[in-house]
file input-v1.cif (mmCIF, C-alpha atoms)
data_structure
loop_
_atom_site.group_PDB
_atom_site.id
_atom_site.type_symbol
_atom_site.label_atom_id
_atom_site.label_comp_id
_atom_site.auth_asym_id
_atom_site.auth_seq_id
_atom_site.Cartn_x
_atom_site.Cartn_y
_atom_site.Cartn_z
ATOM 1 C CA MET I 319 83.208 68.671 -4.492
ATOM 2 C CA ARG I 320 80.514 67.833 -1.957
ATOM 3 C CA TRP I 321 82.719 65.023 -0.692
ATOM 4 C CA ASP I 322 85.594 67.476 -0.156
ATOM 5 C CA ARG I 323 83.358 69.740 1.919
ATOM 6 C CA LEU I 324 82.050 66.746 3.873
ATOM 7 C CA PHE I 325 85.578 65.532 4.687
ATOM 8 C CA THR I 326 86.690 69.060 5.592
ATOM 9 C CA ASP I 327 83.692 69.404 7.931
ATOM 10 C CA LEU I 328 84.420 65.992 9.482
ATOM 11 C CA GLU I 329 88.104 66.869 9.972
ATOM 12 C CA GLY I 330 87.141 70.176 11.589
ATOM 13 C CA ALA I 331 84.705 68.424 13.922
ATOM 14 C CA ALA I 332 87.353 65.841 14.871
ATOM 15 C CA VAL I 333 89.931 68.568 15.588
ATOM 16 C CA ASP I 334 87.394 70.463 17.716
ATOM 17 C CA ALA I 335 86.456 67.303 19.647
ATOM 18 C CA HIS I 336 90.127 66.500 20.236
ATOM 19 C CA ALA I 337 90.813 70.041 21.485
ATOM 20 C CA GLU I 338 87.830 69.895 23.869
ATOM 21 C CA GLU I 339 88.985 66.523 25.239
ATOM 22 C CA ARG I 340 92.552 67.821 25.662
ATOM 23 C CA ASP I 341 91.314 70.923 27.484
ATOM 24 C CA ALA I 342 89.109 68.816 29.797
ATOM 25 C CA LEU I 343 92.028 66.497 30.607
ATOM 26 C CA ALA I 344 94.316 69.465 31.294
ATOM 27 C CA GLU I 345 91.713 70.973 33.629
ATOM 28 C CA ASP I 346 91.311 67.637 35.449
ATOM 29 C CA LEU I 347 95.087 67.434 35.869
ATOM 30 C CA ARG I 348 95.232 71.001 37.250
ATOM 31 C CA ASP I 349 92.409 70.225 39.686
ATOM 32 C CA GLU I 350 94.195 67.079 40.847
ATOM 33 C CA GLN I 351 97.465 68.984 41.370
ATOM 34 C CA TRP I 352 95.711 71.692 43.400
ATOM 35 C CA SER I 353 93.845 69.090 45.480
ATOM 36 C CA ARG I 354 97.179 67.654 46.644
ATOM 37 C CA LEU I 355 98.427 71.010 47.956
ATOM 38 C CA SER I 356 98.195 72.162 51.549
ATOM 39 C CA TRP I 357 98.036 75.859 52.362
ATOM 40 C CA THR I 358 101.560 75.520 53.773
ATOM 41 C CA ASP I 359 102.721 74.546 50.265
ATOM 42 C CA LEU I 360 101.837 78.103 49.215
ATOM 43 C CA LEU I 361 104.507 79.554 51.497
ATOM 44 C CA GLY I 362 107.453 79.131 49.110
ATOM 45 C CA GLY I 363 108.915 81.875 47.004
ATOM 46 C CA PRO I 364 110.918 85.025 47.610
ATOM 47 C CA ASP I 365 108.057 87.412 48.411
ATOM 48 C CA VAL I 366 105.156 85.945 50.348
ATOM 49 C CA ARG I 367 102.616 88.112 52.146
ATOM 50 C CA LEU I 368 100.866 86.715 55.205
ATOM 51 C CA GLU I 369 97.852 88.237 56.895
ATOM 52 C CA VAL I 370 98.275 87.393 60.584
ATOM 53 C CA ALA I 371 95.529 87.809 63.187
ATOM 54 C CA GLY I 372 96.520 90.594 65.580
ATOM 55 C CA LEU I 373 99.627 91.538 63.613
ATOM 56 C CA GLY I 374 98.338 92.484 60.177
ATOM 57 C CA GLU I 375 100.240 91.864 56.954
ATOM 58 C CA ILE I 376 103.841 90.755 57.052
ATOM 59 C CA ARG I 377 105.954 90.290 53.985
ATOM 60 C CA GLY I 378 109.119 88.344 53.383
ATOM 61 C CA ARG I 379 110.611 84.977 52.612
ATOM 62 C CA VAL I 380 109.434 81.951 54.552
ATOM 63 C CA VAL I 381 112.541 80.139 55.752
ATOM 64 C CA GLY I 382 110.858 77.336 57.687
ATOM 65 C CA VAL I 383 107.459 75.697 58.113
ATOM 66 C CA GLY I 384 106.474 73.314 60.870
ATOM 67 C CA ASP I 385 105.085 73.904 64.352
ATOM 68 C CA VAL I 386 105.750 77.576 63.549
ATOM 69 C CA VAL I 387 106.344 79.549 60.354
ATOM 70 C CA LEU I 388 109.596 81.526 60.221
ATOM 71 C CA VAL I 389 109.429 84.634 58.043
ATOM 72 C CA GLU I 390 112.494 86.729 57.230
ATOM 73 C CA ASP I 391 112.468 90.221 55.854
ATOM 74 C CA ALA I 392 115.385 92.620 55.467
ATOM 75 C CA LEU I 393 115.350 93.566 59.159
ATOM 76 C CA ARG I 394 114.163 90.635 61.230
ATOM 77 C CA THR I 395 112.923 87.094 61.608
ATOM 78 C CA ILE I 396 109.358 86.662 62.846
ATOM 79 C CA VAL I 397 108.095 83.453 64.433
ATOM 80 C CA VAL I 398 104.445 83.124 63.368
ATOM 81 C CA LEU I 399 102.057 80.539 64.763
ATOM 82 C CA PRO I 400 100.297 78.824 61.830
ATOM 83 C CA GLU I 401 96.922 79.048 63.580
ATOM 84 C CA ALA I 402 97.175 82.857 63.422
ATOM 85 C CA ILE I 403 97.657 82.980 59.625
ATOM 86 C CA VAL I 404 94.385 83.988 58.008
ATOM 87 C CA ALA I 405 95.458 84.634 54.392
ATOM 88 C CA ILE I 406 98.397 84.133 52.029
ATOM 89 C CA SER I 407 99.226 86.049 48.881
ATOM 90 C CA GLY I 408 102.187 86.392 46.587
ATOM 91 C CA SER I 409 102.499 82.693 45.777
ATOM 92 C CA ASP I 410 100.382 80.537 43.530
ATOM 93 C CA GLY I 411 101.641 77.174 44.765
ATOM 94 C CA ARG I 412 104.087 76.631 41.936
ATOM 95 C CA ALA I 413 107.083 78.108 43.748
ATOM 96 C CA ALA I 414 109.479 75.849 45.579
ATOM 97 C CA THR I 415 108.010 74.893 48.921
ATOM 98 C CA ALA I 416 109.510 76.421 52.049
ATOM 99 C CA PRO I 417 111.926 74.219 54.000
ATOM 100 C CA THR I 418 110.531 72.048 56.765
ATOM 101 C CA LEU I 419 111.309 73.336 60.235
ATOM 102 C CA ARG I 420 112.073 70.648 62.774
ATOM 103 C CA ARG I 421 112.209 72.878 65.859
ATOM 104 C CA THR I 422 109.024 73.410 67.840
ATOM 105 C CA ARG I 423 107.660 76.711 69.119
ATOM 106 C CA GLY I 424 108.801 75.725 72.596
ATOM 107 C CA GLN I 425 112.342 75.012 71.413
ATOM 108 C CA LEU I 426 112.505 78.355 69.602
ATOM 109 C CA ALA I 427 111.203 80.209 72.676
ATOM 110 C CA ARG I 428 113.753 78.414 74.900
ATOM 111 C CA ALA I 429 116.527 79.402 72.459
ATOM 112 C CA LEU I 430 115.413 83.048 72.755
ATOM 113 C CA ARG I 431 115.356 82.663 76.552
ATOM 114 C CA ASP I 432 118.835 81.120 76.615
ATOM 115 C CA ALA I 433 120.163 83.945 74.440
ATOM 116 C CA GLY I 434 118.640 86.521 76.809
ATOM 117 C CA ALA I 435 116.998 88.156 73.815
ATOM 118 C CA ARG I 436 114.328 90.787 74.220
ATOM 119 C CA VAL I 437 111.169 89.760 72.426
ATOM 120 C CA ARG I 438 107.896 91.269 71.405
ATOM 121 C CA VAL I 439 105.032 88.795 71.664
ATOM 122 C CA VAL I 440 102.009 89.840 69.597
ATOM 123 C CA ARG I 441 98.701 88.410 70.708
ATOM 124 C CA ARG I 442 95.933 87.560 68.269
ATOM 125 C CA ASP I 443 93.871 90.468 69.566
ATOM 126 C CA GLY I 444 96.626 92.859 68.434
ATOM 127 C CA ARG I 445 98.031 93.705 71.860
ATOM 128 C CA ALA I 446 101.708 93.022 72.522
ATOM 129 C CA VAL I 447 103.981 92.235 75.440
ATOM 130 C CA GLU I 448 107.684 93.083 75.355
ATOM 131 C CA GLY I 449 110.350 91.632 77.595
ATOM 132 C CA VAL I 450 112.484 88.530 77.945
ATOM 133 C CA VAL I 451 111.352 84.923 77.893
ATOM 134 C CA ALA I 452 111.402 83.723 81.495
ATOM 135 C CA ALA I 453 109.858 80.277 81.107
ATOM 136 C CA VAL I 454 108.358 78.008 78.480
ATOM 137 C CA GLY I 455 105.602 75.614 79.491
ATOM 138 C CA SER I 456 103.883 72.931 77.470
ATOM 139 C CA ASP I 457 101.138 75.317 76.345
ATOM 140 C CA PHE I 458 102.359 78.792 77.327
ATOM 141 C CA VAL I 459 105.317 81.144 77.348
ATOM 142 C CA GLN I 460 106.091 83.490 80.245
ATOM 143 C CA ILE I 461 107.502 86.939 79.504
ATOM 144 C CA THR I 462 109.117 89.124 82.163
ATOM 145 C CA ALA I 463 108.646 92.808 81.483
ATOM 146 C CA THR I 464 109.254 95.771 83.777
ATOM 147 C CA GLY I 465 109.311 93.712 86.952
ATOM 148 C CA ARG I 466 106.243 91.593 86.278
ATOM 149 C CA SER I 467 105.699 88.265 84.590
ATOM 150 C CA VAL I 468 102.979 87.652 82.033
ATOM 151 C CA SER I 469 102.063 84.100 81.027
ATOM 152 C CA LEU I 470 100.624 83.833 77.541
ATOM 153 C CA PRO I 471 98.954 80.647 76.286
ATOM 154 C CA TRP I 472 100.264 79.640 72.850
ATOM 155 C CA ALA I 473 96.629 79.722 71.667
ATOM 156 C CA SER I 474 96.550 83.500 72.274
ATOM 157 C CA ILE I 475 99.822 84.257 70.459
ATOM 158 C CA ALA I 476 100.070 85.361 66.852
ATOM 159 C CA ALA I 477 103.835 85.928 66.595
ATOM 160 C CA LEU I 478 107.125 86.462 68.399
ATOM 161 C CA GLU I 479 109.766 88.895 67.220
ATOM 162 C CA GLU I 480 113.262 89.298 68.566
ATOM 163 C CA ARG I 481 113.818 92.981 69.409
#
call {"tool": "encode", "arguments": {"input": "input-v1.cif", "output": "structure tokens"}}
result
Amino acid sequence: MRWDRLFTDLEGAAVDAHAEERDALAEDLRDEQWSRLSWTDLLGGPDVRLEVAGLGEIRGRVVGVGDVVLVEDALRTIVVLPEAIVAISGSDGRAATAPTLRRTRGQLARALRDAGARVRVVRRDGRAVEGVVAAVGSDFVQITATGRSVSLPWASIAALEER
């Protein structure tokens, strides 16, 4: 009988040791998977919330990631500069990643200019300029609004919205 108890205790200890080893390996695998992710990998999924400097929280589906992040909601598409994104929620990194966007911020701004679209450019300090894109330089965009032109460095811009 003592032998039965001894073998039962040994089996229990072996099962416990195996479970601990399995859990440690699973945790190592999870850590390795997370370490391979970039914050832009968290932008997939149908309902992502982005906290954007100067703009606040926007919510929608990210339809492109590259030099800019394109976010669509039911009413509009917002061009967000990645440097202005300060937090992401609504995705845990396991959703499908957002598609890669091959167009640059300059190309998108020129497309808005060519379309004659009215835009609202939100600066990172929260102020906004509305008008039409007049020119796109290497590091700025120029907006014409009510008879005056305002040149905004890309570094000061949080987002552009077509009006």
call {"tool": "resolve_selection", "arguments": {"input": "input-v1.cif", "expression": "the PyMOL selection byres ((chain I and resi 454) around 7)", "output": "ChimeraX atom specification"}}
result
/I:424,427-428,453,455-456,458-460
call {"tool": "resolve_selection", "arguments": {"input": "input-v1.cif", "expression": "the PyMOL selection byres ((chain I and resi 385) around 9)", "output": "list in words"}}
result
Val383, Gly384, Val386, Val387, Leu399, Pro400, Leu419, Arg420, Arg421, Thr422 and Arg423 of chain I
call {"tool": "resolve_selection", "arguments": {"input": "input-v1.cif", "expression": "the PyMOL selection byres ((chain I and resi 392) around 12)", "output": "PyMOL selection string"}}
result
chain I and resi 364-365+376-379+389-391+393-396
call {"tool": "closest_residue", "arguments": {"input": "input-v1.cif", "among": "I:Leu373, I:Leu388, I:Thr462, I:Gly449", "to": "Thr418 (chain I)", "atoms": "all atoms listed in the file"}}
result
I:Leu388
call {"tool": "atom_distance", "arguments": {"input": "input-v1.cif", "atom1": "CA of Leu430 (chain I)", "atom2": "CA of Ser356 (chain I)"}}
result
29.4 Å
call {"tool": "atom_distance", "arguments": {"input": "input-v1.cif", "atom1": "CA of Gln351 (chain I)", "atom2": "CA of Val380 (chain I)"}}
result
22.0 Å
call {"tool": "atom_distance", "arguments": {"input": "input-v1.cif", "atom1": "CA of Val381 (chain I)", "atom2": "CA of Ser474 (chain I)"}}
result
23.2 Å
call {"tool": "closest_residue", "arguments": {"input": "input-v1.cif", "among": "I:Val370, I:Val450, I:Ala429, I:Ala416", "to": "Val404 (chain I)", "atoms": "all atoms listed in the file"}}
result
I:Val370
call {"tool": "closest_residue", "arguments": {"input": "input-v1.cif", "among": "I:Ala332, I:Val366, I:Leu470, I:Ala342", "to": "Gly408 (chain I)", "atoms": "all atoms listed in the file"}}
result
I:Val366
call {"tool": "closest_residue", "arguments": {"input": "input-v1.cif", "among": "I:Ala477, I:Leu360, I:Ala433, I:Leu368", "to": "Glu448 (chain I)", "atoms": "all atoms listed in the file"}}
result
I:Ala477
call {"tool": "closest_residue", "arguments": {"input": "input-v1.cif", "among": "I:Ala331, I:Ala337, I:Ala405, I:Ala344", "to": "Leu361 (chain I)", "atoms": "all atoms listed in the file"}}
result
I:Ala405
call {"tool": "residues_around", "arguments": {"input": "input-v1.cif", "residues": "Arg481 (chain I)", "least_positions_apart": "4", "cutoff": "8 Å", "atoms": "all atoms listed in the file", "output": "tab-separated table (two decimals) with C-alpha atoms, keeping the file's coordinate frame"}}
result
chain	number	residue	atom	x	y	z
I	435	ALA	CA	117.00	88.16	73.82
I	436	ARG	CA	114.33	90.79	74.22
I	437	VAL	CA	111.17	89.76	72.43
I	438	ARG	CA	107.90	91.27	71.40
call {"tool": "build_atoms", "arguments": {"input": "input-v1.cif", "residues": "region 350-361 of chain I", "atoms": "all heavy atoms", "output": "JSON list (two decimals), in the coordinates of the input"}}
result
[["chain", "number", "residue", "atom", "x", "y", "z"],
["I", 350, "GLU", "N", 93.56, 68.12, 40.04],
["I", 350, "GLU", "CA", 94.20, 67.08, 40.85],
["I", 350, "GLU", "C", 95.46, 67.62, 41.51],
["I", 350, "GLU", "O", 95.71, 67.35, 42.68],
["I", 350, "GLU", "CB", 94.53, 65.86, 39.98],
["I", 350, "GLU", "CG", 95.09, 64.71, 40.79],
["I", 350, "GLU", "CD", 95.34, 63.48, 39.95],
["I", 350, "GLU", "OE1", 94.66, 63.30, 38.92],
["I", 350, "GLU", "OE2", 96.23, 62.70, 40.32],
["I", 351, "GLN", "N", 96.25, 68.41, 40.79],
["I", 351, "GLN", "CA", 97.46, 68.98, 41.37],
["I", 351, "GLN", "C", 97.12, 69.93, 42.52],
["I", 351, "GLN", "O", 97.76, 69.89, 43.57],
["I", 351, "GLN", "CB", 98.27, 69.72, 40.29],
["I", 351, "GLN", "CG", 98.93, 68.78, 39.31],
["I", 351, "GLN", "CD", 99.54, 69.51, 38.13],
["I", 351, "GLN", "OE1", 99.12, 70.61, 37.77],
["I", 351, "GLN", "NE2", 100.53, 68.89, 37.52],
["I", 352, "TRP", "N", 96.13, 70.78, 42.33],
["I", 352, "TRP", "CA", 95.71, 71.69, 43.40],
["I", 352, "TRP", "C", 95.18, 70.93, 44.60],
["I", 352, "TRP", "O", 95.42, 71.30, 45.75],
["I", 352, "TRP", "CB", 94.66, 72.68, 42.91],
["I", 352, "TRP", "CG", 95.24, 73.87, 42.20],
["I", 352, "TRP", "CD1", 95.23, 74.12, 40.86],
["I", 352, "TRP", "CD2", 95.95, 74.96, 42.80],
["I", 352, "TRP", "NE1", 95.89, 75.29, 40.59],
["I", 352, "TRP", "CE2", 96.32, 75.83, 41.77],
["I", 352, "TRP", "CE3", 96.29, 75.28, 44.10],
["I", 352, "TRP", "CZ2", 97.03, 77.00, 42.01],
["I", 352, "TRP", "CZ3", 97.00, 76.46, 44.33],
["I", 352, "TRP", "CH2", 97.36, 77.30, 43.29],
["I", 353, "SER", "N", 94.45, 69.83, 44.37],
["I", 353, "SER", "CA", 93.84, 69.09, 45.48],
["I", 353, "SER", "C", 94.89, 68.43, 46.37],
["I", 353, "SER", "O", 94.62, 68.10, 47.52],
["I", 353, "SER", "CB", 92.85, 68.04, 44.96],
["I", 353, "SER", "OG", 93.53, 66.97, 44.34],
["I", 354, "ARG", "N", 96.09, 68.26, 45.86],
["I", 354, "ARG", "CA", 97.18, 67.65, 46.64],
["I", 354, "ARG", "C", 97.94, 68.68, 47.48],
["I", 354, "ARG", "O", 98.77, 68.31, 48.30],
["I", 354, "ARG", "CB", 98.16, 66.94, 45.72],
["I", 354, "ARG", "CG", 97.56, 65.73, 45.08],
["I", 354, "ARG", "CD", 98.56, 65.06, 44.19],
["I", 354, "ARG", "NE", 97.97, 63.91, 43.52],
["I", 354, "ARG", "CZ", 98.51, 63.27, 42.53],
["I", 354, "ARG", "NH1", 99.69, 63.64, 42.08],
["I", 354, "ARG", "NH2", 97.90, 62.25, 41.98],
["I", 355, "LEU", "N", 97.70, 69.97, 47.24],
["I", 355, "LEU", "CA", 98.43, 71.01, 47.96],
["I", 355, "LEU", "C", 97.79, 71.31, 49.31],
["I", 355, "LEU", "O", 96.57, 71.29, 49.44],
["I", 355, "LEU", "CB", 98.46, 72.31, 47.15],
["I", 355, "LEU", "CG", 99.35, 72.34, 45.92],
["I", 355, "LEU", "CD1", 99.21, 73.69, 45.22],
["I", 355, "LEU", "CD2", 100.79, 72.09, 46.27],
["I", 356, "SER", "N", 98.63, 71.62, 50.27],
["I", 356, "SER", "CA", 98.20, 72.16, 51.55],
["I", 356, "SER", "C", 98.44, 73.67, 51.51],
["I", 356, "SER", "O", 99.27, 74.13, 50.71],
["I", 356, "SER", "CB", 99.03, 71.53, 52.67],
["I", 356, "SER", "OG", 98.89, 72.26, 53.87],
["I", 357, "TRP", "N", 97.79, 74.41, 52.37],
["I", 357, "TRP", "CA", 98.04, 75.86, 52.36],
["I", 357, "TRP", "C", 99.50, 76.15, 52.71],
["I", 357, "TRP", "O", 100.04, 77.16, 52.26],
["I", 357, "TRP", "CB", 97.07, 76.60, 53.28],
["I", 357, "TRP", "CG", 97.26, 76.35, 54.75],
["I", 357, "TRP", "CD1", 96.66, 75.39, 55.51],
["I", 357, "TRP", "CD2", 98.12, 77.07, 55.64],
["I", 357, "TRP", "NE1", 97.09, 75.47, 56.80],
["I", 357, "TRP", "CE2", 97.99, 76.49, 56.92],
["I", 357, "TRP", "CE3", 98.99, 78.14, 55.48],
["I", 357, "TRP", "CZ2", 98.69, 76.95, 58.02],
["I", 357, "TRP", "CZ3", 99.70, 78.59, 56.58],
["I", 357, "TRP", "CH2", 99.53, 78.00, 57.85],
["I", 358, "THR", "N", 100.15, 75.28, 53.45],
["I", 358, "THR", "CA", 101.56, 75.52, 53.77],
["I", 358, "THR", "C", 102.46, 75.37, 52.54],
["I", 358, "THR", "O", 103.56, 75.90, 52.52],
["I", 358, "THR", "CB", 102.05, 74.59, 54.90],
["I", 358, "THR", "OG1", 101.86, 73.23, 54.51],
["I", 358, "THR", "CG2", 101.32, 74.87, 56.21],
["I", 359, "ASP", "N", 101.96, 74.66, 51.52],
["I", 359, "ASP", "CA", 102.72, 74.55, 50.26],
["I", 359, "ASP", "C", 102.75, 75.87, 49.51],
["I", 359, "ASP", "O", 103.54, 76.05, 48.59],
["I", 359, "ASP", "CB", 102.12, 73.47, 49.36],
["I", 359, "ASP", "CG", 102.25, 72.08, 49.96],
["I", 359, "ASP", "OD1", 103.26, 71.81, 50.63],
["I", 359, "ASP", "OD2", 101.32, 71.27, 49.77],
["I", 360, "LEU", "N", 101.89, 76.80, 49.88],
["I", 360, "LEU", "CA", 101.84, 78.10, 49.22],
["I", 360, "LEU", "C", 102.83, 79.10, 49.81],
["I", 360, "LEU", "O", 102.88, 80.24, 49.40],
["I", 360, "LEU", "CB", 100.42, 78.68, 49.32],
["I", 360, "LEU", "CG", 99.30, 77.82, 48.74],
["I", 360, "LEU", "CD1", 97.96, 78.47, 48.99],
["I", 360, "LEU", "CD2", 99.51, 77.56, 47.27],
["I", 361, "LEU", "N", 103.62, 78.65, 50.78],
["I", 361, "LEU", "CA", 104.51, 79.55, 51.50],
["I", 361, "LEU", "C", 105.89, 79.69, 50.88],
["I", 361, "LEU", "O", 106.74, 80.38, 51.42],
["I", 361, "LEU", "CB", 104.63, 79.11, 52.96],
["I", 361, "LEU", "CG", 103.32, 79.16, 53.75],
["I", 361, "LEU", "CD1", 103.53, 78.61, 55.15],
["I", 361, "LEU", "CD2", 102.75, 80.56, 53.80]]
